[in-house]
Amino acid sequence: MKILAFGPPGAGKGSVSEYIAKKYAIPHISTGDIVREETKKEGSKVTPYMSKGQLVPDTIMMELVGERLSRDDCEKGFILDGFPRTIPQAEYLKEHNIHVDHVINLQVGEENVVDRLSGRRMDPKTRKIYNLNTMADEIPPEVDKNSLVQREDDKPEVIRKRLTVYKEQTEPLVDYYEKEGLLRNIDANQPLDGVVQSIFSVLENKT
Ligand code: AMP
């Protein structure tokens, strides 16, 4: 089972990928997490791109993803969250005989995206993600809201840049995967439970 989680920033790719990974016992590979790990290394080349909301150059991303997908745990499949984000990245998968079964396209309105991204916070202890705008009542009482941290690139000016980058460089992949017959459109304007159920029913009918 080789699945891509696709959609604009804030569509919920990371959250739904967790559920898919658990259900199918496959690794969840988030290229955003890989890039964030890279930024911790001294003199990291990726930091300037990420902090401005720009895409990391294709050659760097291909190397990072290629290394990750070559590990043993990917033999039975994977859910790849955040890659490809450009046509050359999609071509890279094809050229390396990485044949994807489904592209889960999370469709979400722009107002929802901004709401979700600007309210997104992480608990630094557990790394769990919460949302002050859309899931405020689901934050457990033992979690201190003041200790939650915001991603640098979830600040409003960077959010706007990321959305523009998505439209210009990533959205063309919708047509690309539509033509390949791999696109599975999912209404992601609903609560997470509903989104996950829609994905599971699509995956079960088509596998
Ligand atoms: P994400 O957490 O998926 O929103 O990714 C955070 C940031 O990591 C993005 O804004 C990019 O700077 C970088 N990034 C993640 N995946 C890719 C990719 N496939 N291509 C280029 N840059 C990426």
# chains A, B, ... in the order shown; residues from 1 in each chain; ligands from 1
>>> residues_around(residues="segment 20-28 of chain A", least_positions_apart="6", cutoff="7 Å", atoms="only C-alpha atoms", output="PyMOL selection string")
chain A and resi 73-74+76-80
>>> residues_near_ligand(ligand="ligand 1", cutoff="8 Å", atoms="only C-alpha atoms and all ligand atoms", output="ChimeraX atom specification")
/A:9-10,13-14,30-36,46,49-58,61,81-86,89,153,162
>>> write_last_selection(atoms="N, CA and C atoms", output="compact mmCIF listing (two decimals), in the first residue's frame")
# COMPACT_ATOMS: atom_id res chain seq x y z
N PRO A 9 -1.35 23.40 2.62
CA PRO A 9 -0.94 23.43 4.02
C PRO A 9 -2.19 23.60 4.89
N GLY A 10 -2.28 22.88 5.98
CA GLY A 10 -3.43 23.02 6.87
C GLY A 10 -4.62 22.16 6.51
N LYS A 13 -3.06 16.85 6.40
CA LYS A 13 -2.29 15.72 5.87
C LYS A 13 -1.63 14.91 6.99
N GLY A 14 -1.02 15.63 7.94
CA GLY A 14 -0.31 14.94 9.02
C GLY A 14 -1.26 14.13 9.89
N SER A 30 6.69 11.98 6.95
CA SER A 30 6.33 13.38 6.75
C SER A 30 7.58 14.13 6.30
N THR A 31 7.53 14.69 5.09
CA THR A 31 8.73 15.39 4.62
C THR A 31 8.91 16.71 5.38
N GLY A 32 7.81 17.27 5.91
CA GLY A 32 7.93 18.46 6.77
C GLY A 32 8.74 18.11 8.02
N ASP A 33 8.46 16.94 8.61
CA ASP A 33 9.22 16.52 9.80
C ASP A 33 10.68 16.27 9.44
N ILE A 34 10.91 15.66 8.27
CA ILE A 34 12.30 15.40 7.85
C ILE A 34 13.04 16.74 7.71
N VAL A 35 12.37 17.70 7.07
CA VAL A 35 13.01 19.01 6.88
C VAL A 35 13.24 19.70 8.24
N ARG A 36 12.25 19.60 9.13
CA ARG A 36 12.43 20.21 10.47
C ARG A 36 13.62 19.58 11.20
N VAL A 46 18.63 23.78 4.45
CA VAL A 46 17.19 23.89 4.22
C VAL A 46 16.52 25.00 5.04
N TYR A 49 14.96 28.28 3.44
CA TYR A 49 13.76 28.06 2.62
C TYR A 49 12.55 27.89 3.53
N MET A 50 12.70 26.99 4.51
CA MET A 50 11.57 26.68 5.35
C MET A 50 11.08 27.90 6.13
N SER A 51 12.00 28.67 6.68
CA SER A 51 11.56 29.78 7.52
C SER A 51 10.85 30.85 6.70
N LYS A 52 11.10 30.89 5.38
CA LYS A 52 10.40 31.87 4.54
C LYS A 52 9.13 31.31 3.92
N GLY A 53 8.84 30.05 4.18
CA GLY A 53 7.64 29.45 3.60
C GLY A 53 7.85 28.98 2.17
N GLN A 54 9.12 28.92 1.75
CA GLN A 54 9.41 28.47 0.38
C GLN A 54 9.67 26.97 0.36
N LEU A 55 9.61 26.40 -0.84
CA LEU A 55 9.93 24.98 -0.96
C LEU A 55 11.45 24.80 -0.94
N VAL A 56 11.87 23.72 -0.31
CA VAL A 56 13.27 23.33 -0.34
C VAL A 56 13.55 22.84 -1.77
N PRO A 57 14.74 23.14 -2.35
CA PRO A 57 14.99 22.73 -3.75
C PRO A 57 14.78 21.23 -3.97
N ASP A 58 14.29 20.92 -5.17
CA ASP A 58 13.97 19.52 -5.52
C ASP A 58 15.13 18.56 -5.27
N MET A 61 15.41 17.67 -1.67
CA MET A 61 14.26 16.86 -1.22
C MET A 61 14.34 15.44 -1.75
N ASP A 81 3.68 11.91 3.30
CA ASP A 81 2.93 13.13 3.62
C ASP A 81 3.80 14.35 3.31
N GLY A 82 3.45 15.05 2.22
CA GLY A 82 4.19 16.29 1.90
C GLY A 82 5.14 16.16 0.72
N PHE A 83 5.14 15.05 0.06
CA PHE A 83 5.98 14.82 -1.12
C PHE A 83 5.19 13.94 -2.06
N PRO A 84 5.13 14.23 -3.36
CA PRO A 84 5.77 15.34 -4.05
C PRO A 84 5.02 16.65 -3.87
N ARG A 85 5.75 17.74 -4.05
CA ARG A 85 5.15 19.07 -4.03
C ARG A 85 5.44 19.82 -5.33
N THR A 86 6.13 19.19 -6.24
CA THR A 86 6.38 19.78 -7.57
C THR A 86 6.30 18.65 -8.59
N GLN A 89 9.35 16.41 -8.64
CA GLN A 89 9.36 15.45 -7.52
C GLN A 89 8.49 14.24 -7.84
N ASP A 153 6.74 28.65 10.84
CA ASP A 153 6.12 28.88 9.53
C ASP A 153 4.59 28.88 9.59
N ARG A 162 3.13 30.39 2.05
CA ARG A 162 3.00 28.95 1.81
C ARG A 162 1.80 28.64 0.92
>>> closest_residue(among="A:Lys94, A:Tyr130, A:Met122, A:Glu152", to="Thr39 of chain A", atoms="only C-alpha atoms")
A:Glu152
>>> residues_around(residues="Tyr166 of chain A", least_positions_apart="3", cutoff="9 Å", atoms="only C-alpha atoms", output="ChimeraX atom specification")
/A:7-9,85,161-163,169-171
>>> residues_around(residues="Gln197 of chain A", least_positions_apart="3", cutoff="12 Å", atoms="only C-alpha atoms", output="list in words")
Val16, Tyr19, Ile20, Lys23, Ile186, Asp187, Ala188, Gln190, Pro191, Leu192, Asp193, Gly194, Phe200, Ser201, Val202, Leu203 and Glu204 of chain A
>>> select_by_dssp(residues="segment 61-146 of chain A", states="strand (DSSP E or B)", output="list in words")
Phe78, Ile79, Leu80, Asp81, His102, Val103, Ile104, Asn105, Leu106, Gln107, Arg120, Arg121, Met122, Ile129, Tyr130 and Asn131 of chain A
>>> residues_around(residues="Leu93 of chain A", least_positions_apart="4", cutoff="9 Å", atoms="only C-alpha atoms", output="PyMOL selection string")
chain A and resi 62+66+84+88-89+97-100
>>> closest_residue(among="A:Phe6, A:Glu63, A:Ile29, A:Val149", to="Asn185 of chain A", atoms="only C-alpha atoms")
A:Phe6
>>> select_by_dssp(residues="segment 1-85 of chain A", states="alpha helix (DSSP H)", output="MDAnalysis selection string")
chainID A and resid 13:24 31:39 47:51 58:69
>>> write_last_selection(atoms="N, CA, C and O atoms", output="compact mmCIF listing (two decimals), in the first residue's frame")
# COMPACT_ATOMS: atom_id res chain seq x y z
N LYS A 13 -3.06 16.85 6.40
CA LYS A 13 -2.29 15.72 5.87
C LYS A 13 -1.63 14.91 6.99
O LYS A 13 -1.69 13.69 6.99
N GLY A 14 -1.02 15.63 7.94
CA GLY A 14 -0.31 14.94 9.02
C GLY A 14 -1.26 14.13 9.89
O GLY A 14 -0.99 12.97 10.21
N SER A 15 -2.39 14.73 10.25
CA SER A 15 -3.35 14.04 11.13
C SER A 15 -3.91 12.80 10.47
O SER A 15 -3.93 11.72 11.07
N VAL A 16 -4.36 12.91 9.23
CA VAL A 16 -4.96 11.73 8.59
C VAL A 16 -3.90 10.66 8.32
O VAL A 16 -4.19 9.46 8.40
N SER A 17 -2.66 11.10 8.06
CA SER A 17 -1.60 10.13 7.78
C SER A 17 -1.35 9.24 8.99
O SER A 17 -1.06 8.05 8.84
N GLU A 18 -1.47 9.81 10.19
CA GLU A 18 -1.28 9.01 11.41
C GLU A 18 -2.28 7.86 11.44
O GLU A 18 -1.93 6.73 11.76
N TYR A 19 -3.53 8.16 11.13
CA TYR A 19 -4.59 7.12 11.16
C TYR A 19 -4.35 6.06 10.08
O TYR A 19 -4.52 4.87 10.31
N ILE A 20 -3.95 6.51 8.91
CA ILE A 20 -3.72 5.57 7.80
C ILE A 20 -2.56 4.65 8.15
O ILE A 20 -2.61 3.43 7.97
N ALA A 21 -1.49 5.24 8.71
CA ALA A 21 -0.30 4.46 9.06
C ALA A 21 -0.65 3.37 10.07
O ALA A 21 -0.21 2.22 9.94
N LYS A 22 -1.47 3.74 11.05
CA LYS A 22 -1.85 2.79 12.10
C LYS A 22 -2.69 1.66 11.51
O LYS A 22 -2.43 0.49 11.74
N LYS A 23 -3.70 2.03 10.74
CA LYS A 23 -4.62 1.02 10.20
C LYS A 23 -3.90 0.02 9.30
O LYS A 23 -4.17 -1.17 9.35
N TYR A 24 -3.01 0.49 8.46
CA TYR A 24 -2.36 -0.40 7.50
C TYR A 24 -0.96 -0.85 7.93
O TYR A 24 -0.26 -1.51 7.16
N THR A 31 7.53 14.69 5.09
CA THR A 31 8.73 15.39 4.62
C THR A 31 8.91 16.71 5.38
O THR A 31 10.03 17.18 5.55
N GLY A 32 7.81 17.27 5.91
CA GLY A 32 7.93 18.46 6.77
C GLY A 32 8.74 18.11 8.02
O GLY A 32 9.63 18.87 8.43
N ASP A 33 8.46 16.94 8.61
CA ASP A 33 9.22 16.52 9.80
C ASP A 33 10.68 16.27 9.44
O ASP A 33 11.58 16.61 10.20
N ILE A 34 10.91 15.66 8.27
CA ILE A 34 12.30 15.40 7.85
C ILE A 34 13.04 16.74 7.71
O ILE A 34 14.16 16.90 8.19
N VAL A 35 12.37 17.70 7.07
CA VAL A 35 13.01 19.01 6.88
C VAL A 35 13.24 19.70 8.24
O VAL A 35 14.31 20.26 8.48
N ARG A 36 12.25 19.60 9.13
CA ARG A 36 12.43 20.21 10.47
C ARG A 36 13.62 19.58 11.20
O ARG A 36 14.38 20.27 11.86
N GLU A 37 13.81 18.28 11.07
CA GLU A 37 14.98 17.62 11.68
C GLU A 37 16.27 18.16 11.07
O GLU A 37 17.24 18.42 11.77
N GLU A 38 16.25 18.33 9.74
CA GLU A 38 17.44 18.85 9.04
C GLU A 38 17.82 20.25 9.55
O GLU A 38 18.99 20.58 9.63
N THR A 39 16.79 21.05 9.87
CA THR A 39 17.08 22.44 10.28
C THR A 39 17.85 22.47 11.61
O THR A 39 18.45 23.48 11.94
N THR A 47 17.19 25.43 6.13
CA THR A 47 16.56 26.39 7.05
C THR A 47 16.04 27.66 6.37
O THR A 47 14.90 28.06 6.60
N PRO A 48 16.86 28.33 5.53
CA PRO A 48 16.37 29.59 4.95
C PRO A 48 15.09 29.41 4.12
O PRO A 48 14.22 30.28 4.13
N TYR A 49 14.96 28.28 3.44
CA TYR A 49 13.76 28.06 2.62
C TYR A 49 12.55 27.89 3.53
O TYR A 49 11.52 28.52 3.35
N MET A 50 12.70 26.99 4.51
CA MET A 50 11.57 26.68 5.35
C MET A 50 11.08 27.90 6.13
O MET A 50 9.88 28.17 6.20
N SER A 51 12.00 28.67 6.68
CA SER A 51 11.56 29.78 7.52
C SER A 51 10.85 30.85 6.70
O SER A 51 10.06 31.61 7.23
N ASP A 58 14.29 20.92 -5.17
CA ASP A 58 13.97 19.52 -5.52
C ASP A 58 15.13 18.56 -5.27
O ASP A 58 14.93 17.47 -4.74
N THR A 59 16.34 18.96 -5.67
CA THR A 59 17.47 18.01 -5.56
C THR A 59 17.69 17.60 -4.11
O THR A 59 17.94 16.42 -3.82
N ILE A 60 17.58 18.56 -3.19
CA ILE A 60 17.78 18.24 -1.76
C ILE A 60 16.66 17.33 -1.29
O ILE A 60 16.88 16.31 -0.62
N MET A 61 15.41 17.67 -1.67
CA MET A 61 14.26 16.86 -1.22
C MET A 61 14.34 15.44 -1.75
O MET A 61 14.03 14.48 -1.06
N MET A 62 14.76 15.32 -3.01
CA MET A 62 14.82 13.97 -3.62
C MET A 62 15.82 13.10 -2.87
O MET A 62 15.60 11.93 -2.65
N GLU A 63 16.94 13.73 -2.50
CA GLU A 63 17.96 12.97 -1.77
C GLU A 63 17.42 12.52 -0.41
O GLU A 63 17.57 11.35 -0.02
N LEU A 64 16.75 13.43 0.30
CA LEU A 64 16.24 13.09 1.64
C LEU A 64 15.16 12.01 1.55
O LEU A 64 15.16 11.04 2.31
N VAL A 65 14.26 12.16 0.59
CA VAL A 65 13.16 11.20 0.46
C VAL A 65 13.67 9.86 -0.06
O VAL A 65 13.26 8.80 0.42
N GLY A 66 14.59 9.93 -1.02
CA GLY A 66 15.15 8.69 -1.58
C GLY A 66 15.78 7.85 -0.49
O GLY A 66 15.57 6.63 -0.40
N GLU A 67 16.53 8.51 0.38
CA GLU A 67 17.20 7.78 1.49
C GLU A 67 16.14 7.15 2.39
O GLU A 67 16.22 5.98 2.76
N ARG A 68 15.09 7.92 2.71
CA ARG A 68 14.08 7.41 3.66
C ARG A 68 13.30 6.23 3.06
O ARG A 68 13.02 5.24 3.73
N LEU A 69 12.97 6.35 1.77
CA LEU A 69 12.15 5.28 1.15
C LEU A 69 12.96 4.01 0.90
O LEU A 69 12.38 2.95 0.67
>>> closest_residue(among="A:Tyr177, A:Ile159, A:Asp123, A:Tyr92", to="Asp144 of chain A", atoms="only C-alpha atoms")
A:Asp123
>>> closest_residue(among="A:Ser70, A:Ser44, A:Thr134, A:Asn105", to="Arg120 of chain A", atoms="only C-alpha atoms")
A:Thr134
>>> closest_residue(among="A:Gly12, A:Pro141, A:Pro156, A:Pro172", to="Asn112 of chain A", atoms="only C-alpha atoms")
A:Gly12
>>> residues_around(residues="Leu132 of chain A", least_positions_apart="6", cutoff="10 Å", atoms="only C-alpha atoms", output="list in words")
Asp115, Arg116, Leu117, Ser118, Gly119, Arg120, Arg121, Glu138, Ile139, Lys145 and Leu148 of chain A
>>> write_last_selection(atoms="N, CA and C atoms", output="mmCIF file, in the first residue's frame")
data_model
loop_
_atom_site.group_PDB
_atom_site.id
_atom_site.type_symbol
_atom_site.label_atom_id
_atom_site.label_comp_id
_atom_site.auth_asym_id
_atom_site.auth_seq_id
_atom_site.Cartn_x
_atom_site.Cartn_y
_atom_site.Cartn_z
ATOM 1 N N ASP A 115 -7.570 29.362 9.263
ATOM 2 C CA ASP A 115 -8.017 29.114 10.636
ATOM 3 C C ASP A 115 -7.226 27.988 11.286
ATOM 4 N N ARG A 116 -7.055 26.920 10.531
ATOM 5 C CA ARG A 116 -6.357 25.751 11.079
ATOM 6 C C ARG A 116 -4.880 26.044 11.315
ATOM 7 N N LEU A 117 -4.245 26.710 10.338
ATOM 8 C CA LEU A 117 -2.800 26.939 10.467
ATOM 9 C C LEU A 117 -2.486 27.941 11.567
ATOM 10 N N SER A 118 -3.310 29.010 11.657
ATOM 11 C CA SER A 118 -2.959 30.037 12.642
ATOM 12 C C SER A 118 -3.263 29.557 14.062
ATOM 13 N N GLY A 119 -4.149 28.557 14.214
ATOM 14 C CA GLY A 119 -4.462 28.053 15.559
ATOM 15 C C GLY A 119 -3.635 26.835 15.941
ATOM 16 N N ARG A 120 -2.815 26.341 15.026
ATOM 17 C CA ARG A 120 -2.089 25.086 15.285
ATOM 18 C C ARG A 120 -0.967 25.298 16.312
ATOM 19 N N ARG A 121 -0.943 24.426 17.312
ATOM 20 C CA ARG A 121 0.102 24.488 18.336
ATOM 21 C C ARG A 121 0.576 23.072 18.648
ATOM 22 N N GLU A 138 -11.038 20.180 22.702
ATOM 23 C CA GLU A 138 -10.452 18.830 22.730
ATOM 24 C C GLU A 138 -9.060 18.806 23.358
ATOM 25 N N ILE A 139 -8.601 19.957 23.860
ATOM 26 C CA ILE A 139 -7.288 19.974 24.512
ATOM 27 C C ILE A 139 -7.475 19.452 25.940
ATOM 28 N N LYS A 145 -2.068 25.180 28.216
ATOM 29 C CA LYS A 145 -2.173 25.860 26.902
ATOM 30 C C LYS A 145 -1.036 26.855 26.674
ATOM 31 N N LEU A 148 2.136 25.487 24.971
ATOM 32 C CA LEU A 148 2.086 25.011 23.579
ATOM 33 C C LEU A 148 2.869 25.970 22.679
#
